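What follows is the content of data26.pdb, which has PDB, C-alpha atoms, pLDDT in the B column:
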ATOM      1  CA  MET D   1      38.188 -11.005  42.411  1.00 97.00           C
ATOM      2  CA  ARG D   2      36.176  -8.366  40.583  1.00 98.00           C
ATOM      3  CA  ILE D   3      35.974  -4.839  42.019  1.00 98.00           C
ATOM      4  CA  ASP D   4      33.440  -2.367  40.624  1.00 98.00           C
ATOM      5  CA  ILE D   5      34.040   1.184  41.841  1.00 98.00           C
ATOM      6  CA  ILE D   6      31.247   3.746  41.489  1.00 98.00           C
ATOM      7  CA  THR D   7      32.573   7.304  41.408  1.00 98.00           C
ATOM      8  CA  VAL D   8      32.056  10.793  40.009  1.00 96.00           C
ATOM      9  CA  VAL D   9      35.801  11.211  39.314  1.00 96.00           C
ATOM     10  CA  PRO D  10      37.095   7.981  37.719  1.00 95.00           C
ATOM     11  CA  GLU D  11      40.229   9.778  36.509  1.00 94.00           C
ATOM     12  CA  LEU D  12      41.326  10.068  40.151  1.00 93.00           C
ATOM     13  CA  LEU D  13      41.372   6.293  40.465  1.00 94.00           C
ATOM     14  CA  ARG D  14      43.012   4.979  37.326  1.00 92.00           C
ATOM     15  CA  SER D  15      46.736   5.644  37.768  1.00 92.00           C
ATOM     16  CA  PRO D  16      47.274   3.548  40.940  1.00 92.00           C
ATOM     17  CA  PHE D  17      45.908   0.524  39.082  1.00 93.00           C
ATOM     18  CA  GLU D  18      48.354   1.154  36.239  1.00 92.00           C
ATOM     19  CA  ALA D  19      51.438   0.664  38.410  1.00 86.00           C
ATOM     20  CA  SER D  20      52.987  -1.511  41.096  1.00 82.00           C
ATOM     21  CA  ILE D  21      51.327  -4.495  42.729  1.00 91.00           C
ATOM     22  CA  MET D  22      47.786  -3.704  41.611  1.00 93.00           C
ATOM     23  CA  LYS D  23      48.851  -3.522  37.978  1.00 94.00           C
ATOM     24  CA  ARG D  24      50.627  -6.866  38.331  1.00 92.00           C
ATOM     25  CA  ALA D  25      47.515  -8.453  39.827  1.00 96.00           C
ATOM     26  CA  ILE D  26      45.374  -7.227  36.926  1.00 96.00           C
ATOM     27  CA  GLU D  27      47.899  -8.393  34.317  1.00 95.00           C
ATOM     28  CA  LYS D  28      48.013 -11.850  35.919  1.00 95.00           C
ATOM     29  CA  GLY D  29      44.239 -12.064  35.703  1.00 97.00           C
ATOM     30  CA  LEU D  30      43.917 -12.344  39.476  1.00 97.00           C
ATOM     31  CA  VAL D  31      41.722  -9.274  39.807  1.00 97.00           C
ATOM     32  CA  GLU D  32      39.467  -7.180  37.585  1.00 98.00           C
ATOM     33  CA  VAL D  33      38.797  -3.537  38.389  1.00 98.00           C
ATOM     34  CA  TYR D  34      36.112  -1.452  36.681  1.00 98.00           C
ATOM     35  CA  PHE D  35      35.215   2.204  37.172  1.00 98.00           C
ATOM     36  CA  HIS D  36      31.643   3.393  36.730  1.00 98.00           C
ATOM     37  CA  ASN D  37      31.060   7.110  36.286  1.00 98.00           C
ATOM     38  CA  LEU D  38      27.906   7.953  38.193  1.00 97.00           C
ATOM     39  CA  ARG D  39      27.163  10.801  35.790  1.00 97.00           C
ATOM     40  CA  ASP D  40      26.482   8.210  33.076  1.00 97.00           C
ATOM     41  CA  TYR D  41      23.412   7.144  35.038  1.00 97.00           C
ATOM     42  CA  THR D  42      21.792  10.566  35.350  1.00 95.00           C
ATOM     43  CA  THR D  43      18.653  11.669  33.506  1.00 88.00           C
ATOM     44  CA  ASN D  44      19.157  15.448  33.529  1.00 88.00           C
ATOM     45  CA  LYS D  45      21.027  17.338  30.817  1.00 88.00           C
ATOM     46  CA  TYR D  46      23.569  18.703  33.290  1.00 91.00           C
ATOM     47  CA  LYS D  47      24.487  15.177  34.462  1.00 93.00           C
ATOM     48  CA  SER D  48      24.288  16.370  38.051  1.00 94.00           C
ATOM     49  CA  VAL D  49      24.356  13.697  40.754  1.00 96.00           C
ATOM     50  CA  ASP D  50      23.684  15.916  43.772  1.00 96.00           C
ATOM     51  CA  ASP D  51      20.974  18.204  45.111  1.00 95.00           C
ATOM     52  CA  TYR D  52      20.154  20.333  48.154  1.00 96.00           C
ATOM     53  CA  PRO D  53      19.233  18.498  51.361  1.00 95.00           C
ATOM     54  CA  TYR D  54      15.619  18.432  52.491  1.00 95.00           C
ATOM     55  CA  GLY D  55      15.195  20.458  55.652  1.00 95.00           C
ATOM     56  CA  GLY D  56      17.952  22.869  54.684  1.00 93.00           C
ATOM     57  CA  GLY D  57      21.534  22.961  55.836  1.00 92.00           C
ATOM     58  CA  ALA D  58      24.966  23.329  54.314  1.00 92.00           C
ATOM     59  CA  GLY D  59      26.337  21.197  51.504  1.00 93.00           C
ATOM     60  CA  MET D  60      24.886  18.971  48.814  1.00 95.00           C
ATOM     61  CA  VAL D  61      23.693  15.361  48.900  1.00 96.00           C
ATOM     62  CA  MET D  62      24.247  12.609  46.327  1.00 96.00           C
ATOM     63  CA  MET D  63      20.903  11.623  44.833  1.00 96.00           C
ATOM     64  CA  VAL D  64      19.470   8.134  45.114  1.00 97.00           C
ATOM     65  CA  GLU D  65      18.333   7.662  41.486  1.00 97.00           C
ATOM     66  CA  PRO D  66      21.682   7.483  39.628  1.00 97.00           C
ATOM     67  CA  ILE D  67      23.155   5.279  42.352  1.00 98.00           C
ATOM     68  CA  ASP D  68      20.121   3.001  42.140  1.00 98.00           C
ATOM     69  CA  LYS D  69      20.441   2.746  38.358  1.00 98.00           C
ATOM     70  CA  CYS D  70      24.147   1.894  38.511  1.00 98.00           C
ATOM     71  CA  ILE D  71      23.936  -0.665  41.307  1.00 98.00           C
ATOM     72  CA  THR D  72      20.813  -2.281  39.860  1.00 98.00           C
ATOM     73  CA  GLN D  73      22.494  -2.729  36.481  1.00 98.00           C
ATOM     74  CA  LEU D  74      25.590  -4.267  38.052  1.00 98.00           C
ATOM     75  CA  LYS D  75      23.522  -6.623  40.211  1.00 98.00           C
ATOM     76  CA  SER D  76      21.576  -7.771  37.141  1.00 98.00           C
ATOM     77  CA  GLU D  77      24.844  -9.019  35.641  1.00 98.00           C
ATOM     78  CA  ARG D  78      26.305 -10.915  38.634  1.00 98.00           C
ATOM     79  CA  ASP D  79      25.984 -11.561  42.354  1.00 98.00           C
ATOM     80  CA  TYR D  80      28.006  -9.470  44.779  1.00 98.00           C
ATOM     81  CA  ASP D  81      29.442 -10.505  48.132  1.00 98.00           C
ATOM     82  CA  GLU D  82      29.267  -6.933  49.439  1.00 98.00           C
ATOM     83  CA  ILE D  83      28.138  -3.496  48.309  1.00 98.00           C
ATOM     84  CA  ILE D  84      30.427  -1.169  50.227  1.00 98.00           C
ATOM     85  CA  TYR D  85      30.029   2.514  50.971  1.00 98.00           C
ATOM     86  CA  MET D  86      33.178   4.420  51.942  1.00 97.00           C
ATOM     87  CA  THR D  87      32.135   6.806  54.707  1.00 94.00           C
ATOM     88  CA  PRO D  88      33.786   8.366  57.802  1.00 93.00           C
ATOM     89  CA  ASP D  89      31.115   6.877  60.068  1.00 94.00           C
ATOM     90  CA  GLY D  90      31.601   3.305  58.820  1.00 96.00           C
ATOM     91  CA  GLU D  91      33.452   0.482  60.541  1.00 97.00           C
ATOM     92  CA  THR D  92      37.157   1.274  60.646  1.00 97.00           C
ATOM     93  CA  LEU D  93      39.111  -0.893  58.222  1.00 97.00           C
ATOM     94  CA  HIS D  94      41.416  -3.377  59.935  1.00 94.00           C
ATOM     95  CA  GLN D  95      43.546  -6.313  58.862  1.00 93.00           C
ATOM     96  CA  GLY D  96      41.080  -8.979  59.963  1.00 92.00           C
ATOM     97  CA  MET D  97      38.395  -7.374  57.819  1.00 97.00           C
ATOM     98  CA  ALA D  98      40.764  -7.249  54.855  1.00 96.00           C
ATOM     99  CA  ASN D  99      41.710 -10.910  55.324  1.00 95.00           C
ATOM    100  CA  ALA D 100      38.073 -11.995  55.199  1.00 96.00           C
ATOM    101  CA  MET D 101      37.129  -9.759  52.289  1.00 98.00           C
ATOM    102  CA  SER D 102      40.116 -10.858  50.186  1.00 96.00           C
ATOM    103  CA  LEU D 103      38.265 -14.162  49.719  1.00 97.00           C
ATOM    104  CA  TYR D 104      35.294 -12.472  48.039  1.00 98.00           C
ATOM    105  CA  GLU D 105      34.617 -12.903  44.337  1.00 98.00           C
ATOM    106  CA  ASN D 106      32.737  -9.686  43.530  1.00 98.00           C
ATOM    107  CA  ILE D 107      32.377  -6.388  45.395  1.00 98.00           C
ATOM    108  CA  ILE D 108      31.022  -2.940  44.631  1.00 98.00           C
ATOM    109  CA  ILE D 109      32.615   0.108  46.246  1.00 98.00           C
ATOM    110  CA  LEU D 110      30.569   3.318  46.245  1.00 98.00           C
ATOM    111  CA  CYS D 111      32.597   6.493  46.699  1.00 98.00           C
ATOM    112  CA  GLY D 112      30.727   9.234  48.515  1.00 94.00           C
ATOM    113  CA  HIS D 113      31.045  12.964  47.870  1.00 92.00           C
ATOM    114  CA  TYR D 114      29.690  16.260  49.174  1.00 90.00           C
ATOM    115  CA  LYS D 115      27.798  15.721  52.467  1.00 92.00           C
ATOM    116  CA  GLY D 116      27.275  12.060  51.596  1.00 94.00           C
ATOM    117  CA  VAL D 117      24.554  10.001  49.944  1.00 97.00           C
ATOM    118  CA  ASP D 118      20.783  10.038  50.346  1.00 97.00           C
ATOM    119  CA  GLN D 119      20.044   7.824  53.371  1.00 97.00           C
ATOM    120  CA  ARG D 120      17.838   5.597  51.223  1.00 98.00           C
ATOM    121  CA  VAL D 121      20.960   4.387  49.421  1.00 98.00           C
ATOM    122  CA  ARG D 122      22.394   3.220  52.721  1.00 98.00           C
ATOM    123  CA  ASP D 123      19.106   1.702  53.818  1.00 98.00           C
ATOM    124  CA  HIS D 124      18.340  -0.287  50.677  1.00 98.00           C
ATOM    125  CA  PHE D 125      21.566  -0.974  48.756  1.00 98.00           C
ATOM    126  CA  ILE D 126      24.622  -0.861  50.985  1.00 98.00           C
ATOM    127  CA  THR D 127      25.614  -4.048  52.821  1.00 98.00           C
ATOM    128  CA  LYS D 128      28.815  -2.792  54.473  1.00 98.00           C
ATOM    129  CA  GLU D 129      30.073   0.682  55.428  1.00 98.00           C
ATOM    130  CA  ILE D 130      33.821   1.192  55.814  1.00 98.00           C
ATOM    131  CA  SER D 131      35.975   4.060  57.083  1.00 97.00           C
ATOM    132  CA  ILE D 132      39.757   4.348  56.772  1.00 97.00           C
ATOM    133  CA  GLY D 133      40.035   6.658  59.781  1.00 96.00           C
ATOM    134  CA  ASP D 134      38.479   9.350  61.900  1.00 95.00           C
ATOM    135  CA  TYR D 135      38.841  12.191  59.423  1.00 93.00           C
ATOM    136  CA  VAL D 136      37.003  13.511  56.386  1.00 92.00           C
ATOM    137  CA  LEU D 137      38.291  13.490  52.809  1.00 93.00           C
ATOM    138  CA  SER D 138      36.895  15.339  49.811  1.00 92.00           C
ATOM    139  CA  GLY D 139      35.597  12.056  48.412  1.00 95.00           C
ATOM    140  CA  GLY D 140      35.563   8.317  48.907  1.00 96.00           C
ATOM    141  CA  GLU D 141      38.005   7.567  46.079  1.00 97.00           C
ATOM    142  CA  LEU D 142      41.146   7.590  48.217  1.00 96.00           C
ATOM    143  CA  GLY D 143      39.439   5.333  50.725  1.00 97.00           C
ATOM    144  CA  ALA D 144      38.405   2.987  47.916  1.00 98.00           C
ATOM    145  CA  LEU D 145      42.025   2.813  46.760  1.00 97.00           C
ATOM    146  CA  VAL D 146      43.202   1.978  50.273  1.00 97.00           C
ATOM    147  CA  LEU D 147      40.610  -0.773  50.580  1.00 98.00           C
ATOM    148  CA  ALA D 148      41.364  -2.192  47.133  1.00 98.00           C
ATOM    149  CA  ASP D 149      45.105  -2.294  47.803  1.00 96.00           C
ATOM    150  CA  ALA D 150      44.587  -3.944  51.202  1.00 96.00           C
ATOM    151  CA  LEU D 151      42.505  -6.697  49.578  1.00 97.00           C
ATOM    152  CA  ILE D 152      44.421  -7.229  46.353  1.00 96.00           C
ATOM    153  CA  ARG D 153      47.807  -7.781  47.997  1.00 94.00           C
ATOM    154  CA  LEU D 154      46.306 -10.686  49.965  1.00 94.00           C
ATOM    155  CA  ILE D 155      45.124 -12.594  46.902  1.00 94.00           C
ATOM    156  CA  PRO D 156      47.356 -15.650  46.336  1.00 92.00           C
ATOM    157  CA  GLY D 157      49.781 -15.041  43.493  1.00 92.00           C
ATOM    158  CA  VAL D 158      49.816 -11.253  43.739  1.00 93.00           C
ATOM    159  CA  LEU D 159      52.914 -10.914  45.924  1.00 89.00           C
ATOM    160  CA  SER D 160      56.124 -12.557  44.738  1.00 74.00           C
ATOM    161  CA  ASP D 161      56.525 -14.104  48.201  1.00 69.00           C
ATOM    162  CA  GLU D 162      53.095 -15.259  49.308  1.00 59.00           C
ATOM    163  CA  THR D 163      54.242 -15.670  52.922  1.00 59.00           C
ATOM    164  CA  SER D 164      55.153 -11.979  53.106  1.00 64.00           C
ATOM    165  CA  ALA D 165      51.584 -10.816  53.776  1.00 65.00           C
ATOM    166  CA  LEU D 166      51.260 -13.332  56.612  1.00 61.00           C
ATOM    167  CA  THR D 167      54.063 -11.640  58.542  1.00 64.00           C
ATOM    168  CA  ASP D 168      52.804  -8.076  58.113  1.00 66.00           C
ATOM    169  CA  SER D 169      51.782  -5.892  61.013  1.00 63.00           C
ATOM    170  CA  PHE D 170      48.337  -6.657  62.488  1.00 73.00           C
ATOM    171  CA  GLN D 171      48.115 -10.238  61.189  1.00 73.00           C
ATOM    172  CA  ASP D 172      48.418 -11.627  64.723  1.00 80.00           C
ATOM    173  CA  ASN D 173      47.307  -8.422  66.432  1.00 85.00           C
ATOM    174  CA  LEU D 174      50.987  -7.532  66.618  1.00 91.00           C
ATOM    175  CA  LEU D 175      53.135  -4.934  64.929  1.00 90.00           C
ATOM    176  CA  SER D 176      56.069  -6.186  62.889  1.00 90.00           C
ATOM    177  CA  PRO D 177      59.450  -6.530  64.615  1.00 92.00           C
ATOM    178  CA  PRO D 178      62.478  -4.499  63.469  1.00 94.00           C
ATOM    179  CA  ILE D 179      63.939  -5.536  60.107  1.00 95.00           C
ATOM    180  CA  TYR D 180      67.455  -5.186  58.693  1.00 96.00           C
ATOM    181  CA  THR D 181      69.394  -5.797  55.483  1.00 96.00           C
ATOM    182  CA  ARG D 182      72.983  -5.432  54.235  1.00 96.00           C
ATOM    183  CA  PRO D 183      75.468  -4.229  55.317  1.00 97.00           C
ATOM    184  CA  ALA D 184      75.645  -5.941  58.692  1.00 96.00           C
ATOM    185  CA  ASP D 185      77.706  -3.071  60.083  1.00 97.00           C
ATOM    186  CA  TYR D 186      77.123   0.495  58.925  1.00 98.00           C
ATOM    187  CA  LYS D 187      78.961   3.322  60.673  1.00 98.00           C
ATOM    188  CA  GLY D 188      79.181   1.098  63.727  1.00 97.00           C
ATOM    189  CA  TRP D 189      75.416   0.479  63.736  1.00 97.00           C
ATOM    190  CA  ARG D 190      75.292  -3.296  63.850  1.00 97.00           C
ATOM    191  CA  VAL D 191      72.550  -5.713  62.975  1.00 97.00           C
ATOM    192  CA  PRO D 192      71.598  -7.844  66.041  1.00 97.00           C
ATOM    193  CA  ASP D 193      73.844 -10.890  66.209  1.00 97.00           C
ATOM    194  CA  VAL D 194      70.938 -13.326  66.426  1.00 97.00           C
ATOM    195  CA  LEU D 195      69.821 -12.386  62.904  1.00 97.00           C
ATOM    196  CA  LEU D 196      73.266 -13.322  61.587  1.00 97.00           C
ATOM    197  CA  SER D 197      73.430 -16.596  63.499  1.00 97.00           C
ATOM    198  CA  GLY D 198      71.564 -18.766  61.000  1.00 96.00           C
ATOM    199  CA  HIS D 199      69.668 -20.347  63.933  1.00 97.00           C
ATOM    200  CA  ALA D 200      66.068 -20.310  62.688  1.00 96.00           C
ATOM    201  CA  ALA D 201      64.411 -21.094  66.028  1.00 96.00           C
ATOM    202  CA  LYS D 202      66.321 -18.372  67.871  1.00 97.00           C
ATOM    203  CA  ILE D 203      65.570 -15.874  65.092  1.00 97.00           C
ATOM    204  CA  ASP D 204      61.845 -16.692  65.264  1.00 94.00           C
ATOM    205  CA  GLN D 205      61.884 -16.293  69.046  1.00 97.00           C
ATOM    206  CA  TRP D 206      63.700 -12.949  68.777  1.00 97.00           C
ATOM    207  CA  ARG D 207      61.222 -11.677  66.203  1.00 95.00           C
ATOM    208  CA  GLU D 208      58.233 -12.698  68.305  1.00 94.00           C
ATOM    209  CA  GLU D 209      59.674 -11.048  71.415  1.00 96.00           C
ATOM    210  CA  LYS D 210      60.458  -7.858  69.524  1.00 96.00           C
ATOM    211  CA  ALA D 211      57.005  -7.804  67.904  1.00 93.00           C
ATOM    212  CA  ILE D 212      55.352  -8.041  71.320  1.00 95.00           C
ATOM    213  CA  GLU D 213      57.656  -5.368  72.749  1.00 96.00           C
ATOM    214  CA  HIS D 214      57.039  -3.059  69.782  1.00 95.00           C
ATOM    215  CA  THR D 215      53.280  -3.539  70.079  1.00 94.00           C
ATOM    216  CA  GLN D 216      53.317  -2.895  73.835  1.00 96.00           C
ATOM    217  CA  ASN D 217      55.175   0.359  73.256  1.00 97.00           C
ATOM    218  CA  ARG D 218      53.171   1.697  70.319  1.00 95.00           C
ATOM    219  CA  ARG D 219      49.785  -0.041  70.137  1.00 93.00           C
ATOM    220  CA  PRO D 220      49.038  -1.804  73.437  1.00 95.00           C
ATOM    221  CA  ASP D 221      45.343  -1.807  72.505  1.00 92.00           C
ATOM    222  CA  LEU D 222      46.084  -4.530  69.930  1.00 90.00           C
ATOM    223  CA  LEU D 223      47.116  -6.962  72.660  1.00 91.00           C
ATOM    224  CA  ASP D 224      43.621  -6.800  74.171  1.00 85.00           C
ATOM    225  CA  ARG D 225      41.836  -7.968  71.022  1.00 74.00           C
TER     226      ARG D 225
END

Go ahead and render the structure in this file as structure tokens.
Amino acid sequence: MRIDIITVVPELLRSPFEASIMKRAIEKGLVEVYFHNLRDYTTNKYKSVDDYPYGGGAGMVMMVEPIDKCITQLKSERDYDEIIYMTPDGETLHQGMANAMSLYENIIILCGHYKGVDQRVRDHFITKEISIGDYVLSGGELGALVLADALIRLIPGVLSDETSALTDSFQDNLLSPPIYTRPADYKGWRVPDVLLSGHAAKIDQWREEKAIEHTQNRRPDLLDR
């Protein structure tokens, strides 16, 4: 997978890709991540990417021209499965969406700033709009990182145990069941006996029952999907 991230603050994005799972994925050649500074595509001497909104009002708006230049150049070099805009009014990111998008070969992620982008960007370039929640951040970079991490960890070969991602919360519209590790008894707090039994079928049944119970208690809306 190749991920091209368009941003006005590339320095905010780099460090997460230089550590942990995302670094490992890049080093294995399973994913390529490139940052494109939108200011490199401006034509004014101040390298400004925003201007006042027509009709008045508070805040600034990201201009269409530098975004057009950047996206057009990228599209001239390869085909993209999606051109994504991170925005609070997009479709809320969920595991099913991440599963599907992890199969893509090339995506562009545009990080918004200020009051957002000129509507013509959304009308003519963007193919998918994604939100990570019902709140507003100072920019789309953190959302882009969340999306990238959600996709990259699903790529075969990224996780040491490839079955791990399949048992994560939300994969079957269920939250994960409780998990335990050594010691089996700590201060009298014991691990459930079934997990120590070695009986695979009973352990699987226990985990499924607990996942359903946990979901009913915390996210019953998931059971209706």

Using the chain letters and numbers from the file, which residues does the PyMOL selection byres ((chain D and resi 48) around 10) grab, as a PyMOL selection string? chain D and resi 8+38-47+49-51+62-63+66

Atomic separation - atom CA of D:Lys187 relative to atom CA of D:Ala200, Å: 27.0 Å

Any idea what the distance is between atom CA of D:Gln73 and atom CA of D:Glu129?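 Distance between the two atoms: 20.7 Å.
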
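Proximity to D:Leu222 at 9 Å, evaluated using only C-alpha atoms and with sequence-adjacent residues fewer than 4 positions away removed, yields D:Phe170, D:Asn173, D:Leu174, D:Leu175, D:Thr215, D:Gln216.
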
Take the PyMOL selection byres ((chain D and resi 121) around 9), run it mentally on this structure, and tell me the resulting residues as a PyMOL selection string. chain D and resi 63-65+67-68+117-120+122-126
